[in-house]
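Undergrad: data02.csv is reproduced in full below (CSV, C-alpha atoms).
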chain,number,residue,atom,x,y,z
A,1,VAL,CA,-22.7,34.1,0.5
A,2,ASN,CA,-20.9,30.8,0.6
A,3,GLU,CA,-23.2,27.8,0.6
A,4,LEU,CA,-22.4,24.6,2.5
A,5,LYS,CA,-23.9,21.5,1.1
A,6,TRP,CA,-23.1,17.8,0.5
A,7,VAL,CA,-21.5,16.8,-2.8
A,8,ALA,CA,-21.3,13.4,-4.3
A,9,TRP,CA,-17.7,11.9,-4.1
A,10,ILE,CA,-17.5,11.4,-7.8
A,11,LYS,CA,-18.1,15.1,-8.4
A,12,THR,CA,-15.0,16.0,-6.4
A,13,ALA,CA,-12.8,14.3,-9.0
A,14,PRO,CA,-12.0,15.7,-12.4
A,15,ALA,CA,-14.0,14.3,-15.4
A,16,TYR,CA,-12.4,11.1,-16.6
A,17,ALA,CA,-11.8,10.2,-20.3
A,18,ILE,CA,-9.8,7.3,-21.6
A,19,ASP,CA,-6.8,8.5,-23.7
A,20,ALA,CA,-7.5,8.2,-27.4
A,21,GLN,CA,-4.0,6.8,-27.9
A,22,THR,CA,-4.7,3.8,-25.6
A,23,ASN,CA,-3.6,0.5,-27.0
A,24,PHE,CA,-6.6,-1.7,-26.0
A,25,ARG,CA,-4.6,-4.9,-26.8
A,26,ALA,CA,-1.6,-4.1,-24.7
A,27,GLY,CA,-2.9,-1.7,-22.1
A,28,TYR,CA,-6.4,-3.0,-21.3
A,29,SER,CA,-5.5,-4.0,-17.7
A,30,SER,CA,-4.0,-0.5,-17.0
A,31,ILE,CA,-7.4,1.2,-17.7
A,32,ILE,CA,-8.7,2.2,-14.3
A,33,VAL,CA,-12.1,4.0,-14.4
A,34,PRO,CA,-12.7,6.1,-11.2
A,35,THR,CA,-15.8,5.3,-9.2
A,36,ALA,CA,-17.5,7.1,-6.3
A,37,ALA,CA,-16.1,4.4,-4.0
A,38,SER,CA,-12.5,4.7,-5.3
A,39,VAL,CA,-12.6,8.5,-5.0
A,40,CYS,CA,-13.8,8.2,-1.4
A,41,TYR,CA,-11.2,5.5,-0.5
A,42,THR,CA,-8.4,7.6,-2.0
A,43,SER,CA,-9.5,10.7,-0.1
A,44,LEU,CA,-9.5,8.7,3.2
A,45,LEU,CA,-6.1,7.2,2.4
A,46,ARG,CA,-4.7,10.6,1.8
A,47,THR,CA,-6.0,11.9,5.1
A,48,LEU,CA,-4.6,8.8,7.0
A,49,VAL,CA,-1.2,8.8,5.3
A,50,LEU,CA,-0.6,12.5,5.6
A,51,GLY,CA,-1.7,12.2,9.3
A,52,GLY,CA,1.1,9.6,9.8
A,53,LYS,CA,-1.2,6.7,10.4
A,54,HIS,CA,-0.4,3.1,9.4
A,55,THR,CA,-3.3,1.9,7.2
A,56,LEU,CA,-4.7,-1.4,6.2
A,57,VAL,CA,-7.3,-1.9,3.4
A,58,VAL,CA,-9.4,-5.0,3.7
A,59,GLY,CA,-12.1,-6.5,1.5
A,60,PRO,CA,-13.0,-9.4,-0.8
A,61,THR,CA,-11.2,-10.1,-4.1
A,62,GLY,CA,-12.3,-7.8,-6.9
A,63,THR,CA,-12.8,-4.6,-4.9
A,64,ALA,CA,-9.7,-2.9,-6.3
A,65,LYS,CA,-7.9,-2.7,-3.0
A,66,SER,CA,-4.4,-3.0,-4.4
A,67,VAL,CA,-5.0,-0.9,-7.5
A,68,THR,CA,-6.4,1.9,-5.5
A,69,VAL,CA,-3.5,2.0,-3.1
A,70,GLN,CA,-0.9,1.7,-5.9
A,71,GLN,CA,-2.5,4.4,-7.9
A,72,PHE,CA,-2.6,6.6,-4.8
A,73,LEU,CA,1.1,6.1,-4.1
A,74,THR,CA,2.4,6.4,-7.6
A,75,ALA,CA,0.4,9.7,-8.1
A,76,ARG,CA,2.9,11.1,-5.6
A,77,LEU,CA,0.5,12.4,-2.9
A,78,ASP,CA,3.3,14.6,-1.6
A,79,PRO,CA,6.9,15.0,-2.9
A,80,LYS,CA,8.4,13.8,0.4
A,81,TYR,CA,6.8,10.3,0.1
A,82,GLU,CA,8.7,7.6,-1.7
A,83,PRO,CA,6.7,4.4,-2.3
A,84,ILE,CA,8.1,0.9,-1.8
A,85,MET,CA,5.8,-1.9,-3.2
A,86,MET,CA,6.0,-5.5,-2.2
A,87,SER,CA,3.8,-8.5,-2.0
A,88,PHE,CA,3.6,-11.4,0.4
A,89,SER,CA,3.0,-15.0,-0.6
A,90,ALA,CA,2.6,-18.3,1.4
A,91,GLN,CA,6.4,-18.9,1.0
A,92,THR,CA,7.6,-15.4,2.0
A,93,SER,CA,10.1,-15.5,4.8
A,94,ALA,CA,11.1,-13.0,7.5
A,95,ASN,CA,14.7,-13.0,6.2
A,96,GLN,CA,13.5,-12.2,2.6
A,97,THR,CA,11.4,-9.4,3.9
A,98,GLN,CA,14.1,-7.9,6.0
A,99,ASP,CA,16.7,-8.1,3.2
A,100,LEU,CA,14.5,-6.5,0.7
A,101,LEU,CA,13.6,-3.5,3.0
A,102,ASP,CA,17.2,-3.2,4.3
A,103,SER,CA,18.4,-2.8,0.7
A,104,LYS,CA,16.2,0.3,0.4
A,105,PHE,CA,17.3,2.1,3.5
A,106,GLU,CA,20.3,4.4,3.9
A,107,LYS,CA,22.5,4.5,7.0
A,108,ARG,CA,22.2,7.9,8.7
A,109,ARG,CA,24.3,7.5,11.9
A,110,GLN,CA,25.3,5.3,14.7
A,111,GLY,CA,24.9,5.8,18.4
A,112,GLN,CA,24.5,4.2,21.9
A,113,ASP,CA,21.2,3.7,23.7
A,114,LYS,CA,21.1,5.9,26.7
A,115,ASP,CA,19.1,3.4,28.8
A,116,THR,CA,20.8,0.1,27.9
A,117,GLY,CA,24.2,1.3,26.7
A,118,LEU,CA,23.9,-0.9,23.6
A,119,PRO,CA,25.1,0.4,20.3
A,120,PHE,CA,22.7,0.9,17.4
A,121,THR,CA,22.6,2.2,13.8
A,122,LEU,CA,20.0,4.6,12.5
A,123,TRP,CA,18.5,3.9,9.0
A,124,GLY,CA,15.8,5.3,6.8
A,125,PRO,CA,15.2,7.1,3.5
A,126,VAL,CA,17.2,10.2,2.4
A,127,LEU,CA,16.8,12.9,5.0
A,128,GLY,CA,13.5,14.8,4.4
A,129,LYS,CA,11.8,11.9,2.7
A,130,THR,CA,9.4,9.2,4.1
A,131,PHE,CA,9.1,5.7,2.7
A,132,ALA,CA,5.5,4.6,2.2
A,133,ILE,CA,5.9,0.8,2.4
A,134,PHE,CA,2.9,-1.0,0.8
A,135,ILE,CA,2.5,-4.7,1.4
A,136,ASP,CA,0.0,-6.5,-0.7
A,137,ASP,CA,-1.6,-9.8,0.5
A,138,LEU,CA,-0.3,-9.0,4.0
A,139,ASN,CA,-2.0,-12.1,5.6
A,140,MET,CA,-0.7,-14.7,3.0
A,141,PRO,CA,2.5,-16.0,4.8
A,142,LYS,CA,1.9,-19.5,6.1
A,143,ARG,CA,1.9,-20.0,9.9
A,144,GLU,CA,4.8,-21.7,11.6
A,145,ARG,CA,4.6,-24.3,14.3
A,146,TYR,CA,3.3,-22.0,17.1
A,147,GLY,CA,0.9,-20.0,14.9
A,148,ALA,CA,3.0,-17.0,14.1
A,149,GLN,CA,3.6,-15.6,10.6
A,150,PRO,CA,7.3,-14.6,10.7
A,151,PRO,CA,7.2,-11.9,7.9
A,152,VAL,CA,4.2,-10.3,9.5
A,153,GLU,CA,5.8,-10.4,13.0
A,154,LEU,CA,8.8,-8.6,11.5
A,155,ILE,CA,6.5,-5.8,10.3
A,156,ARG,CA,4.9,-5.8,13.7
A,157,GLN,CA,8.3,-5.4,15.3
A,158,LEU,CA,9.0,-2.4,13.1
A,159,ALA,CA,5.7,-0.8,14.2
A,160,ASP,CA,6.2,-1.8,17.9
A,161,HIS,CA,9.9,-1.2,18.4
A,162,GLY,CA,11.0,1.0,15.5
A,163,GLY,CA,13.4,-1.5,13.9
A,164,TRP,CA,15.0,-4.9,14.0
A,165,TYR,CA,18.4,-6.5,14.6
A,166,ASP,CA,21.1,-6.8,11.9
A,167,ARG,CA,21.5,-10.6,11.5
A,168,LYS,CA,25.3,-10.3,10.9
A,169,THR,CA,26.4,-7.7,13.4
A,170,LEU,CA,23.6,-8.4,15.9
A,171,ARG,CA,23.4,-4.6,16.3
A,172,MET,CA,20.0,-2.9,16.5
A,173,ARG,CA,18.9,-1.2,13.3
A,174,ARG,CA,16.6,1.7,14.2
A,175,ILE,CA,14.4,2.6,11.2
A,176,VAL,CA,12.8,6.0,11.0
A,177,ASP,CA,10.5,7.9,8.6
A,178,VAL,CA,8.5,4.9,7.4
A,179,GLN,CA,4.8,4.6,6.9
A,180,LEU,CA,3.1,1.2,6.6
A,181,LEU,CA,0.3,0.4,4.3
A,182,GLY,CA,-1.2,-3.1,3.7
A,183,ALA,CA,-3.9,-4.8,1.7
A,184,MET,CA,-5.5,-8.2,2.5
A,185,GLY,CA,-8.6,-10.2,1.9
A,186,PRO,CA,-10.7,-12.2,4.5
A,187,PRO,CA,-9.2,-15.4,5.8
A,188,GLY,CA,-9.6,-18.5,3.5
A,189,GLY,CA,-8.0,-19.7,0.3
A,190,GLY,CA,-4.5,-19.5,1.7
A,191,ARG,CA,-5.1,-16.3,3.6
A,192,GLN,CA,-4.5,-16.5,7.4
A,193,PRO,CA,-6.3,-14.8,10.3
A,194,MET,CA,-4.3,-11.9,11.5
A,195,SER,CA,-3.0,-11.5,15.0
A,196,ASP,CA,-4.5,-8.6,17.1
A,197,ARG,CA,-0.9,-7.7,18.0
A,198,VAL,CA,-0.4,-6.7,14.4
A,199,LEU,CA,-3.9,-5.3,13.6
A,200,ARG,CA,-3.8,-2.8,16.6
A,201,HIS,CA,-1.2,-0.8,14.8
A,202,PHE,CA,-3.3,-0.1,11.7
A,203,HIS,CA,-6.3,2.1,10.9
A,204,MET,CA,-8.5,-0.1,8.7
A,205,LEU,CA,-10.5,0.8,5.5
A,206,SER,CA,-13.1,-1.7,4.4
A,207,PHE,CA,-13.6,-2.0,0.7
A,208,THR,CA,-17.1,-3.3,-0.2
A,209,GLU,CA,-18.3,-5.2,-3.3
A,210,MET,CA,-19.1,-3.0,-6.3
A,211,SER,CA,-22.7,-2.4,-7.0
A,212,SER,CA,-24.2,-3.5,-10.4
A,213,GLU,CA,-24.5,0.1,-11.4
A,214,THR,CA,-20.8,0.8,-10.7
A,215,VAL,CA,-19.7,-2.3,-12.7
A,216,HIS,CA,-22.1,-1.2,-15.6
A,217,ASN,CA,-20.6,2.3,-15.6
A,218,ILE,CA,-17.0,0.9,-15.7
A,219,PHE,CA,-17.6,-1.4,-18.6
A,220,THR,CA,-19.8,1.1,-20.5
A,221,THR,CA,-17.0,3.7,-20.3
A,222,ILE,CA,-14.3,1.2,-21.5
A,223,ALA,CA,-16.6,-0.2,-24.3
A,224,ALA,CA,-17.5,3.2,-25.6
A,225,ALA,CA,-13.9,4.3,-25.7
A,226,PHE,CA,-12.9,1.1,-27.5
A,227,LEU,CA,-15.7,1.5,-30.1
A,228,ASP,CA,-14.7,5.1,-30.7
A,229,HIS,CA,-11.1,3.8,-31.2
A,230,VAL,CA,-12.1,1.1,-33.7
A,231,ILE,CA,-14.5,3.4,-35.7
A,232,GLY,CA,-11.8,6.1,-35.8
A,233,LYS,CA,-9.3,3.7,-37.2
A,234,GLN,CA,-11.8,2.6,-39.9
A,235,HIS,CA,-12.4,6.2,-40.9
A,236,VAL,CA,-8.6,6.8,-41.2
A,237,HIS,CA,-8.3,3.7,-43.5
Go ahead and render the structure in this file as structure tokens.

TA:
Amino acid sequence: VNELKWVAWIKTAPAYAIDAQTNFRAGYSSIIVPTAASVCYTSLLRTLVLGGKHTLVVGPTGTAKSVTVQQFLTARLDPKYEPIMMSFSAQTSANQTQDLLDSKFEKRRQGQDKDTGLPFTLWGPVLGKTFAIFIDDLNMPKRERYGAQPPVELIRQLADHGGWYDRKTLRMRRIVDVQLLGAMGPPGGGRQPMSDRVLRHFHMLSFTEMSSETVHNIFTTIAAAFLDHVIGKQHVH
């Protein structure tokens, strides 16, 4: 008889061990120890992304927001998803954002809007693929005179209207097969409050501060692996 019962998140992930070949001098920052929270967040991310939902992860600095999303995307959750990683700063402009993303898209076809009669071009990834566009520090761009954040408004236009205008030909670029993911901290320290017009497009995952027990487990795991590495080297010599 199959038994249904609750299982701790950490028990749903394979046992983790730091590779014995790890270079602790060069590769320390790349050591990511799974926690119950990160396993939970990754599972929720997978459900949202595979369900075609734009997703925004929010939380204070040090909660591993960016690392969790980047690991999730680079682990290739599904062969059809191709990740695009970018990061906003206070100086990021809408033109820079558009040019970077336009360079990734391929032209599929051109047509004419049946309602307006205006010509358009259709762009996106290779047919059968989906671009998972991850924007770190989504709320960093500084506000302009009237309070808008131009790079963020460009992303909102993509979510709202499915594309933007080519600045040279002034022809509409319809962009298909894209999935938006973002990460941001709370307003303050250069981060701006986000417009509800943008936030309404995203499903939000809140990352909370790590507990003392979680932090202890992370550093214990890394320290134990490092000591094994050092002792092993001494035995070899």

Undergrad: Kindly give the distance, in Å, that separates CA of Thr130 in chain A and CA of Lys104 in chain A, rounded to a single decimal.

TA: 11.8 Å

Undergrad: Between A:Ala148, A:Met184, A:Ile218, A:Ile231, which residue has the minimum interatomic distance to Gly59 in chain A, considering all atoms listed in the file?

TA: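 Residue with the minimum atom-to-atom distance to Gly59 in chain A: A:Met184.
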
Undergrad: Can you check which parts of range 21-140 of chain A lie within 9 Å of range 159-179 of chain A? Per residue, the shortest pair of atoms and distance in Å to one decimal, counting only C-alpha atoms, sorted by chain and number, as a tab-separated table.

TA:
residue	atom	partner	partner_atom	distance
A:Val49	CA	A:Gln179	CA	7.5
A:Gly52	CA	A:Gln179	CA	6.9
A:Lys53	CA	A:Gln179	CA	7.3
A:His54	CA	A:Gln179	CA	6.0
A:Thr55	CA	A:Gln179	CA	8.5
A:Asn95	CA	A:Arg167	CA	8.9
A:Gln98	CA	A:Trp164	CA	8.6
A:Phe105	CA	A:Ile175	CA	8.2
A:Leu118	CA	A:Arg171	CA	8.2
A:Pro119	CA	A:Arg171	CA	6.6
A:Phe120	CA	A:Met172	CA	4.7
A:Thr121	CA	A:Arg173	CA	5.0
A:Leu122	CA	A:Arg174	CA	4.8
A:Trp123	CA	A:Ile175	CA	4.8
A:Gly124	CA	A:Val176	CA	5.2
A:Pro125	CA	A:Asp177	CA	7.0
A:Leu127	CA	A:Asp177	CA	8.8
A:Gly128	CA	A:Asp177	CA	8.6
A:Lys129	CA	A:Asp177	CA	7.2
A:Thr130	CA	A:Asp177	CA	4.8
A:Phe131	CA	A:Val178	CA	4.8
A:Ala132	CA	A:Gln179	CA	4.8
A:Ile133	CA	A:Gln179	CA	6.0
A:Phe134	CA	A:Gln179	CA	8.5

Undergrad: Residues within 10 Å of Leu50 in chain A, please, as a PDB file with C-alpha atoms, in the frame of the given file. Count all atoms listed in the file; anything in the same chain fewer than 6 positions from it doesn't count.

TA:
ATOM      1  CA  LEU A  44      -9.500   8.700   3.200  1.00  0.00           C
ATOM      2  CA  LEU A  77       0.500  12.400  -2.900  1.00  0.00           C
ATOM      3  CA  ASP A  78       3.300  14.600  -1.600  1.00  0.00           C
ATOM      4  CA  TYR A  81       6.800  10.300   0.100  1.00  0.00           C
ATOM      5  CA  GLN A 179       4.800   4.600   6.900  1.00  0.00           C
TER       6      GLN A 179
END

Undergrad: If you measure from CA of Asp196 in chain A to CA of Phe88 in chain A, what distance in Å do you get, rounded to one decimal?

TA: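 Computing the Euclidean distance for CA of Asp196 in chain A and CA of Phe88 in chain A yields 18.8 Å.
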
Undergrad: Using only C-alpha atoms, can you list as a count of residues only the residues within 12 Å of (-8.4, 3.9, -14.0)?

TA: 26

Undergrad: Quick one: distance from CA of Cys40 in chain A to CA of Ala75 in chain A in Å, one decimal?

TA: 15.8 Å

Undergrad: For Glu153 in chain A, which residue among A:Thr97, A:Ser89, A:Ser211, A:Thr116 is the nearest when counting only C-alpha atoms?

TA: A:Thr97

Undergrad: Can you work out which one of A:Gln96, A:Arg200, A:Ala36, A:Leu227 has the shortest atom-to-atom distance to Pro150 in chain A, counting all atoms listed in the file?

TA: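 For Pro150 in chain A, the nearest of the given residues is A:Gln96.
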
Undergrad: Restore all heavy atoms in range 51-62 of chain A and list the result as a compact mmCIF listing (two decimals), keeping the file's coordinate frame.

TA:
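Output (out.txt):
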# COMPACT_ATOMS: atom_id res chain seq x y z
N GLY A 51 -1.58 12.08 7.81
CA GLY A 51 -1.70 12.20 9.30
C GLY A 51 -0.70 11.26 9.97
O GLY A 51 -0.67 11.19 11.20
N GLY A 52 0.12 10.51 9.20
CA GLY A 52 1.10 9.60 9.80
C GLY A 52 0.57 8.36 10.38
O GLY A 52 1.18 7.78 11.29
N LYS A 53 -0.56 7.87 9.88
CA LYS A 53 -1.20 6.70 10.40
C LYS A 53 -0.93 5.45 9.53
O LYS A 53 -1.15 5.51 8.32
CB LYS A 53 -2.72 6.88 10.54
CG LYS A 53 -3.14 8.14 11.31
CD LYS A 53 -2.64 8.11 12.74
CE LYS A 53 -3.09 9.36 13.50
NZ LYS A 53 -2.53 9.41 14.86
N HIS A 54 -0.48 4.35 10.14
CA HIS A 54 -0.40 3.10 9.40
C HIS A 54 -1.77 2.68 8.97
O HIS A 54 -2.72 2.77 9.76
CB HIS A 54 0.26 2.01 10.25
CG HIS A 54 1.64 2.34 10.75
ND1 HIS A 54 2.61 2.89 9.95
CD2 HIS A 54 2.20 2.19 11.98
CE1 HIS A 54 3.71 3.06 10.65
NE2 HIS A 54 3.49 2.65 11.88
N THR A 55 -1.92 2.20 7.73
CA THR A 55 -3.30 1.90 7.20
C THR A 55 -3.32 0.57 6.54
O THR A 55 -2.40 0.15 5.83
CB THR A 55 -3.60 3.02 6.12
OG1 THR A 55 -3.50 4.32 6.71
CG2 THR A 55 -5.02 2.83 5.61
N LEU A 56 -4.43 -0.12 6.78
CA LEU A 56 -4.70 -1.40 6.20
C LEU A 56 -6.01 -1.43 5.49
O LEU A 56 -7.03 -1.07 6.08
CB LEU A 56 -4.68 -2.49 7.33
CG LEU A 56 -4.91 -3.95 6.92
CD1 LEU A 56 -3.78 -4.44 6.03
CD2 LEU A 56 -5.00 -4.83 8.17
N VAL A 57 -6.00 -1.79 4.20
CA VAL A 57 -7.30 -1.90 3.40
C VAL A 57 -7.66 -3.32 3.34
O VAL A 57 -6.85 -4.19 3.04
CB VAL A 57 -7.13 -1.21 2.04
CG1 VAL A 57 -6.77 0.26 2.16
CG2 VAL A 57 -6.12 -1.90 1.16
N VAL A 58 -8.91 -3.60 3.65
CA VAL A 58 -9.40 -5.00 3.70
C VAL A 58 -10.66 -5.09 2.85
O VAL A 58 -11.42 -4.13 2.70
CB VAL A 58 -9.68 -5.43 5.13
CG1 VAL A 58 -8.41 -5.42 5.95
CG2 VAL A 58 -10.73 -4.54 5.80
N GLY A 59 -10.90 -6.27 2.30
CA GLY A 59 -12.10 -6.50 1.50
C GLY A 59 -11.93 -7.70 0.62
O GLY A 59 -10.81 -8.20 0.41
N PRO A 60 -13.03 -8.21 0.08
CA PRO A 60 -13.00 -9.40 -0.80
C PRO A 60 -12.25 -9.14 -2.10
O PRO A 60 -12.01 -7.99 -2.48
CB PRO A 60 -14.45 -9.75 -1.01
CG PRO A 60 -15.21 -8.49 -0.71
CD PRO A 60 -14.41 -7.72 0.27
N THR A 61 -11.89 -10.21 -2.78
CA THR A 61 -11.20 -10.10 -4.10
C THR A 61 -12.12 -9.37 -5.08
O THR A 61 -13.34 -9.56 -5.09
CB THR A 61 -10.93 -11.52 -4.64
OG1 THR A 61 -10.13 -12.23 -3.68
CG2 THR A 61 -10.21 -11.46 -5.96
N GLY A 62 -11.52 -8.52 -5.90
CA GLY A 62 -12.30 -7.80 -6.90
C GLY A 62 -12.79 -6.45 -6.51
O GLY A 62 -13.55 -5.82 -7.25
